[in-house]
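Source file: target29.txt. Holds: compact mmCIF, C-alpha atoms.
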# COMPACT_ATOMS: atom_id res chain seq x y z
CA MET A 283 0.00 0.00 0.00
CA SER A 284 2.65 2.52 1.10
CA ARG A 285 4.62 2.17 -2.13
CA HIS A 286 1.65 3.62 -4.03
CA LEU A 287 1.62 6.80 -1.94
CA GLY A 288 3.68 9.91 -2.49
CA VAL A 289 6.88 10.67 -0.58
CA GLY A 290 6.01 11.56 2.99
CA GLU A 291 2.38 10.44 2.71
CA ARG A 292 0.69 8.04 5.11
CA VAL A 293 -2.75 6.66 5.90
CA VAL A 294 -4.20 8.65 8.80
CA ARG A 295 -7.76 7.33 8.86
CA THR A 296 -9.91 4.54 7.41
CA GLU A 297 -13.69 4.45 7.13
CA ALA A 298 -15.96 1.64 5.96
CA LEU A 299 -18.31 2.67 3.18
CA ARG A 300 -21.84 1.32 2.84
CA GLY A 301 -23.63 0.23 -0.30
CA GLY A 302 -21.39 -2.49 -1.70
CA ILE A 303 -22.81 -5.98 -2.20
CA THR A 304 -19.94 -8.18 -3.36
CA ALA A 305 -16.99 -6.08 -2.21
CA GLU A 306 -15.88 -4.35 0.97
CA MET A 307 -15.25 -0.64 0.44
CA ARG A 308 -13.10 1.63 2.60
CA ARG A 309 -12.22 5.29 2.36
CA LEU A 310 -8.55 5.89 3.15
CA THR A 311 -7.63 9.40 4.23
CA ILE A 312 -4.05 10.10 3.23
CA GLY A 313 -1.96 12.68 5.08
CA THR A 314 0.21 14.66 2.66
CA ARG A 315 3.63 16.25 3.14
CA ASP A 316 2.17 19.76 3.31
CA GLY A 317 -0.16 18.86 6.17
CA GLY A 318 -3.25 18.41 4.03
CA THR A 319 -5.21 15.28 3.21
CA ARG A 320 -6.60 13.46 0.20
CA ASP A 321 -8.92 10.47 -0.03
CA LEU A 322 -8.56 7.14 -1.81
CA VAL A 323 -10.96 4.19 -1.94
CA LEU A 324 -9.90 0.58 -1.37
CA ARG A 325 -12.14 -2.07 -2.92
CA THR A 326 -11.59 -5.58 -1.52
CA PHE A 327 -13.13 -8.90 -2.51
CA VAL A 328 -13.19 -11.35 0.40
CA ASP A 329 -13.71 -14.98 -0.63
CA VAL A 330 -15.34 -14.02 -3.95
CA GLU A 331 -15.01 -16.61 -6.70
CA HIS A 332 -14.49 -14.27 -9.67
CA ALA A 333 -12.47 -11.59 -7.87
CA GLU A 334 -9.47 -11.73 -10.21
CA ASP A 335 -11.59 -11.33 -13.34
CA TRP A 336 -13.72 -8.54 -11.88
CA LEU A 337 -10.75 -6.55 -10.58
CA ASN A 338 -8.84 -6.88 -13.84
CA ARG A 339 -11.88 -5.67 -15.78
CA GLU A 340 -12.34 -2.74 -13.43
CA ALA A 341 -8.66 -1.83 -13.64
CA GLY A 342 -8.88 -1.89 -17.43
CA ALA A 343 -11.94 0.35 -17.43
CA LEU A 344 -10.46 2.84 -14.97
CA THR A 345 -7.34 3.08 -17.12
CA LEU A 346 -9.41 3.71 -20.25
CA LEU A 347 -12.10 6.09 -19.04
CA PRO A 348 -10.16 9.23 -18.02
CA GLY A 349 -9.49 9.93 -21.69
CA ALA A 350 -12.99 9.01 -22.78
CA GLY A 351 -14.96 11.79 -21.14
CA VAL A 352 -16.69 9.57 -18.59
CA PRO A 353 -16.38 10.64 -14.92
CA ALA A 354 -14.86 7.63 -13.20
CA PRO A 355 -12.25 7.07 -10.48
CA ARG A 356 -8.62 6.92 -11.52
CA LEU A 357 -6.75 3.69 -10.94
CA VAL A 358 -3.97 3.89 -8.34
CA ALA A 359 -3.08 0.19 -8.03
CA VAL A 360 -4.58 -3.27 -8.37
CA ASP A 361 -3.68 -6.61 -6.80
CA ALA A 362 -6.15 -8.95 -8.46
CA THR A 363 -4.51 -12.16 -7.20
CA ALA A 364 -3.76 -11.02 -3.62
CA ALA A 365 -0.04 -11.29 -4.24
CA HIS A 366 0.62 -8.38 -1.87
CA CYS A 367 -2.70 -7.91 -0.05
CA GLU A 368 -4.60 -10.26 2.22
CA TYR A 369 -7.44 -10.36 -0.35
CA PRO A 370 -7.78 -9.29 -4.02
CA SER A 371 -8.00 -5.50 -3.95
CA LEU A 372 -8.06 -2.34 -6.03
CA LEU A 373 -7.06 1.16 -4.97
CA MET A 374 -8.60 4.18 -6.72
CA THR A 375 -9.22 7.87 -6.27
CA GLN A 376 -12.22 9.16 -4.34
CA LEU A 377 -14.84 11.05 -6.35
CA ALA A 378 -16.99 13.91 -5.12
CA GLY A 379 -20.74 13.49 -4.84
CA ARG A 380 -23.11 10.94 -3.37
CA THR A 381 -25.63 8.35 -4.44
CA VAL A 382 -29.27 9.46 -4.40
CA LEU A 383 -31.97 6.81 -4.04
CA ASP A 384 -34.98 8.87 -2.95
CA TYR A 385 -37.87 10.21 -5.01
CA GLU A 386 -37.23 13.94 -4.73
CA GLY A 387 -35.60 15.27 -7.89
CA LEU A 388 -36.00 11.99 -9.79
CA GLU A 389 -37.63 13.78 -12.72
CA THR A 390 -34.37 15.71 -13.16
CA ARG A 391 -32.00 12.83 -12.49
CA LEU A 392 -33.60 10.41 -14.97
CA PRO A 393 -32.44 12.25 -18.13
CA LEU A 394 -29.00 12.72 -16.54
CA LEU A 395 -28.73 8.96 -16.08
CA ALA A 396 -29.80 8.44 -19.68
CA ARG A 397 -27.27 10.92 -21.07
CA GLN A 398 -24.52 9.37 -18.98
CA LEU A 399 -25.30 5.91 -20.31
CA VAL A 400 -25.26 7.21 -23.90
CA ALA A 401 -21.77 8.63 -23.22
CA ILE A 402 -20.59 5.28 -21.82
CA HIS A 403 -21.86 3.44 -24.88
CA ALA A 404 -19.95 5.88 -27.10
CA VAL A 405 -16.61 4.74 -25.63
CA ARG A 406 -14.54 2.90 -28.23
CA PRO A 407 -11.80 0.93 -26.46
CA ALA A 408 -8.72 -0.17 -28.37
CA GLU A 409 -9.25 -3.61 -26.87
CA ARG A 410 -12.79 -4.81 -26.28
CA PRO A 411 -13.73 -6.15 -22.85
CA ARG A 412 -15.13 -9.67 -22.64
CA GLU A 413 -18.52 -10.44 -24.16
CA TYR A 414 -21.49 -9.95 -21.85
CA VAL A 415 -22.74 -12.89 -19.80
CA ALA A 416 -26.42 -13.46 -19.03
CA LEU A 417 -26.84 -16.42 -16.71
CA THR A 418 -30.60 -16.38 -16.14
CA THR A 419 -32.46 -19.32 -17.65
CA ALA A 420 -36.06 -20.50 -17.57
CA ASP A 421 -35.04 -23.00 -14.88
CA THR A 422 -33.47 -20.42 -12.55
CA VAL A 423 -36.25 -17.81 -12.58
CA VAL A 424 -38.01 -17.52 -9.21
CA THR A 425 -41.62 -16.47 -9.67
CA PRO A 426 -42.66 -14.41 -6.61
CA LYS A 427 -45.46 -15.60 -4.37
CA GLY A 428 -48.78 -14.22 -5.59
CA ALA A 429 -47.33 -13.06 -8.91
CA ASP A 430 -49.23 -12.88 -12.20
CA THR A 431 -48.21 -16.37 -13.27
CA ALA A 432 -49.49 -15.90 -16.83
CA ALA A 433 -47.32 -12.81 -17.33
CA TRP A 434 -44.29 -14.55 -15.83
CA ALA A 435 -44.79 -17.61 -18.00
CA GLU A 436 -44.96 -15.34 -21.03
CA ALA A 437 -41.78 -13.55 -19.98
CA ILE A 438 -39.99 -16.86 -19.48
CA ASP A 439 -41.06 -17.92 -22.97
CA VAL A 440 -39.47 -14.72 -24.30
CA ILE A 441 -36.03 -15.48 -22.85
CA CYS A 442 -36.17 -19.09 -24.06
CA LYS A 443 -35.74 -17.75 -27.59
CA PRO A 444 -32.27 -17.14 -29.06
CA ALA A 445 -30.73 -13.76 -28.27
CA PRO A 446 -31.47 -11.23 -31.03
CA PRO A 447 -28.60 -9.96 -33.20
CA TYR A 448 -27.12 -6.69 -31.97
CA GLU A 449 -24.44 -4.10 -32.60
CA GLY A 450 -21.90 -4.33 -29.79
CA ARG A 451 -21.23 -1.45 -27.43
CA PHE A 452 -18.99 -0.79 -24.45
CA LEU A 453 -21.21 -1.64 -21.46
CA HIS A 454 -20.98 -0.67 -17.82
CA ARG A 455 -23.22 -3.71 -17.18
CA ASP A 456 -24.35 -2.55 -13.73
CA LEU A 457 -25.38 1.07 -14.19
CA HIS A 458 -28.13 2.09 -11.77
CA PRO A 459 -28.69 4.91 -9.25
CA GLY A 460 -26.60 3.13 -6.62
CA ASN A 461 -23.51 3.29 -8.86
CA VAL A 462 -23.85 6.93 -9.89
CA LEU A 463 -22.68 9.89 -7.81
CA PHE A 464 -24.53 13.20 -7.91
CA ASP A 465 -23.84 16.73 -6.80
CA VAL A 466 -27.33 17.69 -5.61
CA PRO A 467 -27.92 21.30 -4.54
CA SER A 468 -30.45 22.34 -1.94
CA PRO A 469 -33.25 22.42 -2.84
CA PRO A 470 -32.89 19.56 -5.37
CA SER A 471 -35.20 21.40 -7.76
CA ALA A 472 -32.32 23.80 -8.38
CA GLY A 473 -30.70 21.11 -10.51
CA ALA A 474 -28.19 18.30 -10.16
CA ARG A 475 -25.19 16.94 -12.03
CA ILE A 476 -23.41 13.61 -12.19
CA THR A 477 -19.94 13.69 -10.65
CA GLY A 478 -18.97 10.07 -11.16
CA VAL A 479 -19.85 6.54 -12.16
CA VAL A 480 -18.41 3.72 -10.04
CA ASP A 481 -18.24 -0.09 -9.93
CA TRP A 482 -16.82 -1.06 -13.33
CA ALA A 483 -16.10 -4.68 -12.38
CA ALA A 484 -18.68 -6.09 -14.80
CA THR A 485 -17.57 -4.05 -17.82
CA SER A 486 -18.55 -5.98 -20.95
CA TRP A 487 -19.18 -5.80 -24.68
CA GLY A 488 -22.75 -6.28 -25.80
CA PRO A 489 -26.07 -4.66 -26.74
CA ALA A 490 -26.94 -1.18 -25.48
CA ASP A 491 -30.39 -2.61 -24.74
CA LEU A 492 -28.91 -4.74 -21.95
CA ASP A 493 -27.51 -1.76 -20.04
CA VAL A 494 -30.73 0.18 -20.57
CA ALA A 495 -32.78 -2.80 -19.39
CA HIS A 496 -30.67 -3.15 -16.24
CA CYS A 497 -31.06 0.48 -15.25
CA SER A 498 -34.77 0.27 -16.09
CA THR A 499 -35.31 -2.68 -13.76
CA ASN A 500 -33.49 -0.93 -10.93
CA LEU A 501 -35.60 2.19 -11.40
CA ALA A 502 -38.76 0.07 -11.42
CA LEU A 503 -37.83 -1.57 -8.13
CA LEU A 504 -36.64 1.63 -6.46
CA HIS A 505 -39.38 3.96 -7.63
CA GLY A 506 -42.14 1.95 -9.29
CA PRO A 507 -42.72 0.25 -12.67
CA ALA A 508 -43.63 3.48 -14.47
CA TRP A 509 -40.12 4.85 -13.94
CA GLY A 510 -38.58 1.68 -15.32
CA LEU A 511 -40.72 1.92 -18.42
CA ARG A 512 -39.73 5.57 -18.95
CA PHE A 513 -35.98 5.04 -18.96
CA ALA A 514 -35.68 3.56 -22.48
CA GLU A 515 -37.51 6.58 -23.87
CA ALA A 516 -35.18 8.92 -21.97
CA TYR A 517 -32.18 7.03 -23.36
CA GLU A 518 -33.39 7.51 -26.93
CA GLU A 519 -34.18 11.17 -26.29
CA ALA A 520 -30.56 11.54 -25.16
CA GLY A 521 -29.34 10.18 -28.50
CA GLY A 522 -29.02 6.51 -27.66
CA VAL A 523 -29.91 3.81 -30.17
CA LEU A 524 -31.83 0.70 -29.16
CA ALA A 525 -33.02 -2.36 -31.07
CA VAL A 526 -35.53 -1.48 -33.78
CA GLY A 527 -38.04 -4.28 -33.21
CA THR A 528 -40.32 -4.42 -30.19
CA SER A 529 -39.67 -8.15 -29.76
CA GLU A 530 -35.91 -7.54 -29.61
CA ARG A 531 -36.35 -4.79 -27.00
CA LEU A 532 -38.66 -6.97 -24.97
CA TYR A 533 -36.13 -9.82 -24.98
CA TRP A 534 -33.47 -7.76 -23.18
CA ARG A 535 -35.94 -6.10 -20.79
CA ALA A 536 -37.50 -9.41 -19.81
CA ARG A 537 -34.12 -11.10 -19.42
CA ASP A 538 -32.87 -8.47 -17.02
CA ALA A 539 -36.10 -8.28 -15.03
CA LEU A 540 -36.25 -12.04 -14.59
CA ALA A 541 -32.61 -12.08 -13.47
CA PHE A 542 -33.61 -9.93 -10.48
CA SER A 543 -36.08 -12.60 -9.38
CA GLU A 544 -33.15 -14.73 -8.22
CA GLU A 545 -31.60 -12.09 -5.98
CA VAL A 546 -34.31 -9.75 -4.66
CA GLN A 547 -33.19 -10.06 -1.05
CA TRP A 548 -29.56 -9.56 -2.04
CA VAL A 549 -30.09 -6.38 -4.07
CA SER A 550 -32.66 -4.76 -1.78
CA GLN A 551 -30.59 -4.91 1.40
CA PRO A 552 -28.23 -2.01 0.47
CA TRP A 553 -31.27 0.11 -0.41
CA ARG A 554 -32.69 -0.41 3.07
CA GLU A 555 -29.32 0.35 4.63
CA ALA A 556 -29.27 3.60 2.63
CA GLY A 557 -32.56 4.67 4.19
CA ARG A 558 -35.20 3.14 1.93
CA THR A 559 -36.51 0.99 4.76
CA GLU A 560 -39.86 0.49 3.05
CA LEU A 561 -38.16 -1.61 0.37
CA THR A 562 -38.55 -4.91 2.14
CA THR A 563 -37.89 -8.08 0.20
CA ARG A 564 -41.63 -8.58 -0.18
CA ALA A 565 -42.24 -5.01 -1.35
CA VAL A 566 -39.52 -5.33 -3.99
CA GLU A 567 -40.95 -8.68 -5.14
CA GLU A 568 -44.33 -7.01 -5.62
CA ARG A 569 -42.77 -4.21 -7.66
CA LEU A 570 -40.88 -6.72 -9.76
CA ASP A 571 -44.10 -8.59 -10.45
CA ALA A 572 -45.84 -5.34 -11.42
CA TYR A 573 -42.93 -4.44 -13.72
CA VAL A 574 -42.84 -7.83 -15.45
CA THR A 575 -46.60 -7.65 -15.94
CA ALA A 576 -46.28 -4.13 -17.39
CA LEU A 577 -43.56 -5.30 -19.79
CA MET A 578 -45.82 -8.04 -21.09
CA ASP A 579 -48.71 -5.59 -21.48
CA THR A 580 -46.66 -2.89 -23.23
CA PRO A 581 -43.70 -4.61 -24.92
CA GLY A 582 -42.79 -1.63 -27.08
The structure given in the file should be rewritten as C-alpha cells.
Amino acid sequence: MSRHLGVGERVVRTEALRGGITAEMRRLTIGTRDGGTRDLVLRTFVDVEHAEDWLNREAGALTLLPGAGVPAPRLVAVDATAAHCEYPSLLMTQLAGRTVLDYEGLETRLPLLARQLVAIHAVRPAERPREYVALTTADTVVTPKGADTAAWAEAIDVICKPAPPYEGRFLHRDLHPGNVLFDVPSPPSAGARITGVVDWAATSWGPADLDVAHCSTNLALLHGPAWGLRFAEAYEEAGGVLAVGTSERLYWRARDALAFSEEVQWVSQPWREAGRTELTTRAVEERLDAYVTALMDTPG
C-alpha cells in the first residue's frame, strides 16, 4: 500500500463505506507532506469466486475512461490475485458526490442517467472487454409468491428464444442509481449533475439494450414500474440507439427483469441500509411482479 503513496504520505484514517454488495469498500484518508489530506478508496473482494476477473476488468476500465470523457475514479493500483494484499483489492481515487436513491428530484436525475449511459456506450476501447454474460435461464427464474403467473410464463417464454442480433457497445453492465454519484444542490429542484460513475467490475461488450434494461429494472424496483418503463424513452431522447423491433427490445428487458427474481433479497438490502426501509424483500418482489406484468402488457 505505502509504495503507491507519495513521498512523505501516510494513511491517517480509514472508514468503511456502505452500499457495496460483493466487495468491501473503505475510504482511506491520506496525510500529505504539506499537512493536508486526500482520499482514496480501497475495494476488496473477500472470498469471492471471480475476484481476479472482476478486478482486472475494473482496472482496465479505470485506465481507459479518463481519456474518454466519462467521470470515473482513476486507478492507483490493483492486486487482483492477492499477491501483496490479504485479499484481491483495487485502490482508486475518491470522487466527489453521493448516491441518491430517494424520489425527490427523480424527474431531473432520470435524463441525466440516460445521457450518462449514452456517453458510456460511445466509448470505443482499443481492446474490447469480454462479451457480456447473461446467466438467467427458464429453470433459474423464481416467480414471486402471488405473482401474475401468466405474465411470468410469457416472460420466461421470451427469454427461451435465441438472443437477437445486436451491434456491440462498451457496457458498464451494472449502471443504476446506486452506482452513480450526484452533486445535488439544496433544494434539489435547483438542478443536479453527475460527478462520477463507479463499480466497473462487470464491464462488458454487448447490446446497449442490456444496459438500458438493467437500469430500467433498478428504477422500477426503487421507484415503481412506471419509472422503469420511462428510462428507455429517456435514453433515446438523449441520443441513444436501441433495437428497432419491439420483440428484440422486450427480450433484453424481460431477461434483465427475470434475473432480479433470483436475488431480490440480495439487491434490496443495500437500499434499506441507505434509508429506503420500506423496500422490504416482499415489497420489492411485488414491484418486480408489477414491472414484469407491465412489460408483457406494453412490450414496445
- Shortest contact to Asn500 (chain A), candidates A:Arg451, A:His458, A:Arg537, A:Arg406, atoms counted only C-alpha atoms, goes to A:His458
- Within 7 Å of Ala433 (chain A), counting all atoms listed in the file, which residues qualify if same-chain residues fewer than 6 places away don't, as a PyMOL selection string? chain A and resi 574-575+578
- Item | From A:Leu399, A:Ala416, A:Leu570, A:Val549, residue lying nearest Asp493 (chain A) [all atoms listed in the file] | A:Leu399
- May I ask for the distance between CA of Tyr533 (chain A) and CA of Leu577 (chain A), given in Å to one decimal place? 10.1 Å
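CA of Glu340 (chain A) is found 17.6 Å from CA of Ala365 (chain A).
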Using all atoms listed in the file, what does the table of region 325-415 of chain A residues within 8 Å of region 481-487 of chain A look like, with each row giving the shortest atom pair and its distance in Å to one decimal, sorted by chain and ascending number, as a Markdown table?
| residue | atom | partner | partner_atom | distance |
| --- | --- | --- | --- | --- |
| A:Trp336 | CA | A:Ala483 | CA | 4.6 |
| A:Leu337 | CA | A:Ala483 | CA | 5.9 |
| A:Asn338 | CA | A:Ala483 | CA | 7.7 |
| A:Arg339 | CA | A:Ala483 | CA | 5.5 |
| A:Glu340 | CA | A:Ala483 | CA | 4.4 |
| A:Ala343 | CA | A:Trp482 | CA | 6.5 |
| A:Leu344 | CA | A:Trp482 | CA | 7.6 |
| A:Arg410 | CA | A:Trp487 | CA | 6.7 |
| A:Pro411 | CA | A:Ser486 | CA | 5.2 |
| A:Arg412 | CA | A:Ser486 | CA | 5.3 |
| A:Glu413 | CA | A:Trp487 | CA | 4.7 |
| A:Tyr414 | CA | A:Ser486 | CA | 5.0 |
- Message: So that I can see what lies close to Ala445 (chain A), please list as a ChimeraX atom specification the residues with an atom at most 12 Å from it, counting all atoms listed in the file and leaving out residues fewer than 5 positions away in the same chain.
- Response: /A:414-416,440,488-489,491-492,525,529-537
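Minimum atom-to-atom distance to Val330 (chain A), evaluated using all atoms listed in the file, belongs to A:Pro370 out of A:Pro370, A:Gly317, A:Pro393, A:Pro353.
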- Item | One-decimal distance in Å that lies between CA of Asp579 (chain A) and CA of Leu383 (chain A) | 27.2 Å
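Those residues that approach Val328 (chain A) to within 8 Å, counting all atoms listed in the file, are Ala305, Glu306, Tyr369 and Pro370 of chain A; same-chain residues fewer than 4 positions away are not listed.
Summary of the local environment: counting only C-alpha atoms, residues at most 8 Å from Val423 (chain A), other than itself and those fewer than 5 positions away along its chain, are Thr418, Ile438, Leu540, Ala541, Ser543 and Glu544 of chain A.
With distances restricted to all atoms listed in the file, A:Arg475 is the closest residue to Arg380 (chain A) from A:His366, A:Arg569, A:Arg475, A:His496.
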- Counting all atoms listed in the file, which residues come within 6 Å of (-8.4, -9.9, -8.2), with the point read in the file's coordinates, and could you list them as a list in words? Ala333, Glu334, Leu337, Asp361, Ala362, Thr363 and Pro370 of chain A
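Among the candidate residues A:Gly478, A:Pro447, A:Gly527, A:Gly557, the one lying nearest to Ala378 (chain A) is A:Gly478, with distances computed using all atoms listed in the file.
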- Ala429 (chain A): which residues within 9 Å, counting only C-alpha atoms, same-chain residues fewer than 6 positions away excluded, as a PyMOL selection string? chain A and resi 567-568+571-572+575
Missing atoms in region 392-424 of chain A: fill them in up to N, CA and C atoms and send the result as a JSON list (two decimals), in the coordinates of the input.
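Writing the result to out.json gives the following:
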[["chain", "number", "residue", "atom", "x", "y", "z"],
["A", 392, "LEU", "N", -33.39, 11.44, -13.96],
["A", 392, "LEU", "CA", -33.60, 10.41, -14.97],
["A", 392, "LEU", "C", -32.93, 10.75, -16.30],
["A", 393, "PRO", "N", -33.14, 11.94, -16.86],
["A", 393, "PRO", "CA", -32.44, 12.25, -18.13],
["A", 393, "PRO", "C", -30.92, 12.34, -17.96],
["A", 394, "LEU", "N", -30.45, 12.71, -16.77],
["A", 394, "LEU", "CA", -29.00, 12.72, -16.54],
["A", 394, "LEU", "C", -28.44, 11.31, -16.62],
["A", 395, "LEU", "N", -29.15, 10.36, -16.00],
["A", 395, "LEU", "CA", -28.73, 8.96, -16.08],
["A", 395, "LEU", "C", -28.70, 8.48, -17.53],
["A", 396, "ALA", "N", -29.73, 8.86, -18.28],
["A", 396, "ALA", "CA", -29.80, 8.44, -19.68],
["A", 396, "ALA", "C", -28.65, 9.01, -20.49],
["A", 397, "ARG", "N", -28.37, 10.30, -20.32],
["A", 397, "ARG", "CA", -27.27, 10.92, -21.07],
["A", 397, "ARG", "C", -25.93, 10.30, -20.69],
["A", 398, "GLN", "N", -25.78, 9.99, -19.40],
["A", 398, "GLN", "CA", -24.52, 9.37, -18.98],
["A", 398, "GLN", "C", -24.33, 8.01, -19.61],
["A", 399, "LEU", "N", -25.41, 7.24, -19.72],
["A", 399, "LEU", "CA", -25.30, 5.91, -20.31],
["A", 399, "LEU", "C", -25.00, 6.01, -21.81],
["A", 400, "VAL", "N", -25.58, 6.99, -22.48],
["A", 400, "VAL", "CA", -25.26, 7.21, -23.90],
["A", 400, "VAL", "C", -23.77, 7.49, -24.06],
["A", 401, "ALA", "N", -23.20, 8.30, -23.16],
["A", 401, "ALA", "CA", -21.77, 8.63, -23.22],
["A", 401, "ALA", "C", -20.91, 7.39, -22.98],
["A", 402, "ILE", "N", -21.33, 6.52, -22.07],
["A", 402, "ILE", "CA", -20.59, 5.28, -21.82],
["A", 402, "ILE", "C", -20.61, 4.40, -23.06],
["A", 403, "HIS", "N", -21.75, 4.29, -23.70],
["A", 403, "HIS", "CA", -21.86, 3.44, -24.88],
["A", 403, "HIS", "C", -21.11, 4.00, -26.08],
["A", 404, "ALA", "N", -20.73, 5.27, -26.01],
["A", 404, "ALA", "CA", -19.95, 5.88, -27.10],
["A", 404, "ALA", "C", -18.46, 5.62, -26.97],
["A", 405, "VAL", "N", -18.03, 5.05, -25.83],
["A", 405, "VAL", "CA", -16.61, 4.74, -25.63],
["A", 405, "VAL", "C", -16.18, 3.66, -26.62],
["A", 406, "ARG", "N", -15.07, 3.86, -27.26],
["A", 406, "ARG", "CA", -14.54, 2.90, -28.23],
["A", 406, "ARG", "C", -13.15, 2.43, -27.78],
["A", 407, "PRO", "N", -13.09, 1.38, -26.98],
["A", 407, "PRO", "CA", -11.80, 0.93, -26.46],
["A", 407, "PRO", "C", -10.94, 0.29, -27.55],
["A", 408, "ALA", "N", -9.63, 0.46, -27.42],
["A", 408, "ALA", "CA", -8.72, -0.17, -28.37],
["A", 408, "ALA", "C", -8.82, -1.68, -28.28],
["A", 409, "GLU", "N", -9.06, -2.18, -27.09],
["A", 409, "GLU", "CA", -9.25, -3.61, -26.87],
["A", 409, "GLU", "C", -10.60, -3.83, -26.19],
["A", 410, "ARG", "N", -11.46, -4.60, -26.82],
["A", 410, "ARG", "CA", -12.79, -4.81, -26.28],
["A", 410, "ARG", "C", -12.74, -5.62, -24.98],
["A", 411, "PRO", "N", -13.60, -5.28, -24.03],
["A", 411, "PRO", "CA", -13.73, -6.15, -22.85],
["A", 411, "PRO", "C", -14.41, -7.46, -23.25],
["A", 412, "ARG", "N", -14.52, -8.38, -22.34],
["A", 412, "ARG", "CA", -15.13, -9.67, -22.64],
["A", 412, "ARG", "C", -16.60, -9.50, -23.01],
["A", 413, "GLU", "N", -17.12, -10.47, -23.77],
["A", 413, "GLU", "CA", -18.52, -10.44, -24.16],
["A", 413, "GLU", "C", -19.41, -10.56, -22.92],
["A", 414, "TYR", "N", -20.57, -9.93, -22.99],
["A", 414, "TYR", "CA", -21.49, -9.95, -21.85],
["A", 414, "TYR", "C", -21.87, -11.40, -21.50],
["A", 415, "VAL", "N", -22.25, -11.60, -20.26],
["A", 415, "VAL", "CA", -22.74, -12.89, -19.80],
["A", 415, "VAL", "C", -24.12, -12.69, -19.20],
["A", 416, "ALA", "N", -25.09, -13.48, -19.61],
["A", 416, "ALA", "CA", -26.42, -13.46, -19.03],
["A", 416, "ALA", "C", -26.73, -14.88, -18.56],
["A", 417, "LEU", "N", -26.76, -15.07, -17.26],
["A", 417, "LEU", "CA", -26.84, -16.42, -16.71],
["A", 417, "LEU", "C", -28.27, -16.90, -16.46],
["A", 418, "THR", "N", -29.22, -15.99, -16.45],
["A", 418, "THR", "CA", -30.60, -16.38, -16.14],
["A", 418, "THR", "C", -31.16, -17.32, -17.19],
["A", 419, "THR", "N", -31.81, -18.38, -16.75],
["A", 419, "THR", "CA", -32.46, -19.32, -17.65],
["A", 419, "THR", "C", -33.89, -19.54, -17.15],
["A", 420, "ALA", "N", -34.68, -20.19, -17.98],
["A", 420, "ALA", "CA", -36.06, -20.50, -17.57],
["A", 420, "ALA", "C", -36.09, -21.30, -16.28],
["A", 421, "ASP", "N", -35.08, -22.14, -16.07],
["A", 421, "ASP", "CA", -35.04, -23.00, -14.88],
["A", 421, "ASP", "C", -34.64, -22.27, -13.61],
["A", 422, "THR", "N", -33.96, -21.12, -13.75],
["A", 422, "THR", "CA", -33.47, -20.42, -12.55],
["A", 422, "THR", "C", -34.37, -19.27, -12.12],
["A", 423, "VAL", "N", -35.33, -18.88, -12.94],
["A", 423, "VAL", "CA", -36.25, -17.81, -12.58],
["A", 423, "VAL", "C", -37.07, -18.21, -11.35],
["A", 424, "VAL", "N", -37.22, -17.28, -10.42],
["A", 424, "VAL", "CA", -38.01, -17.52, -9.21],
["A", 424, "VAL", "C", -39.26, -16.65, -9.28]]
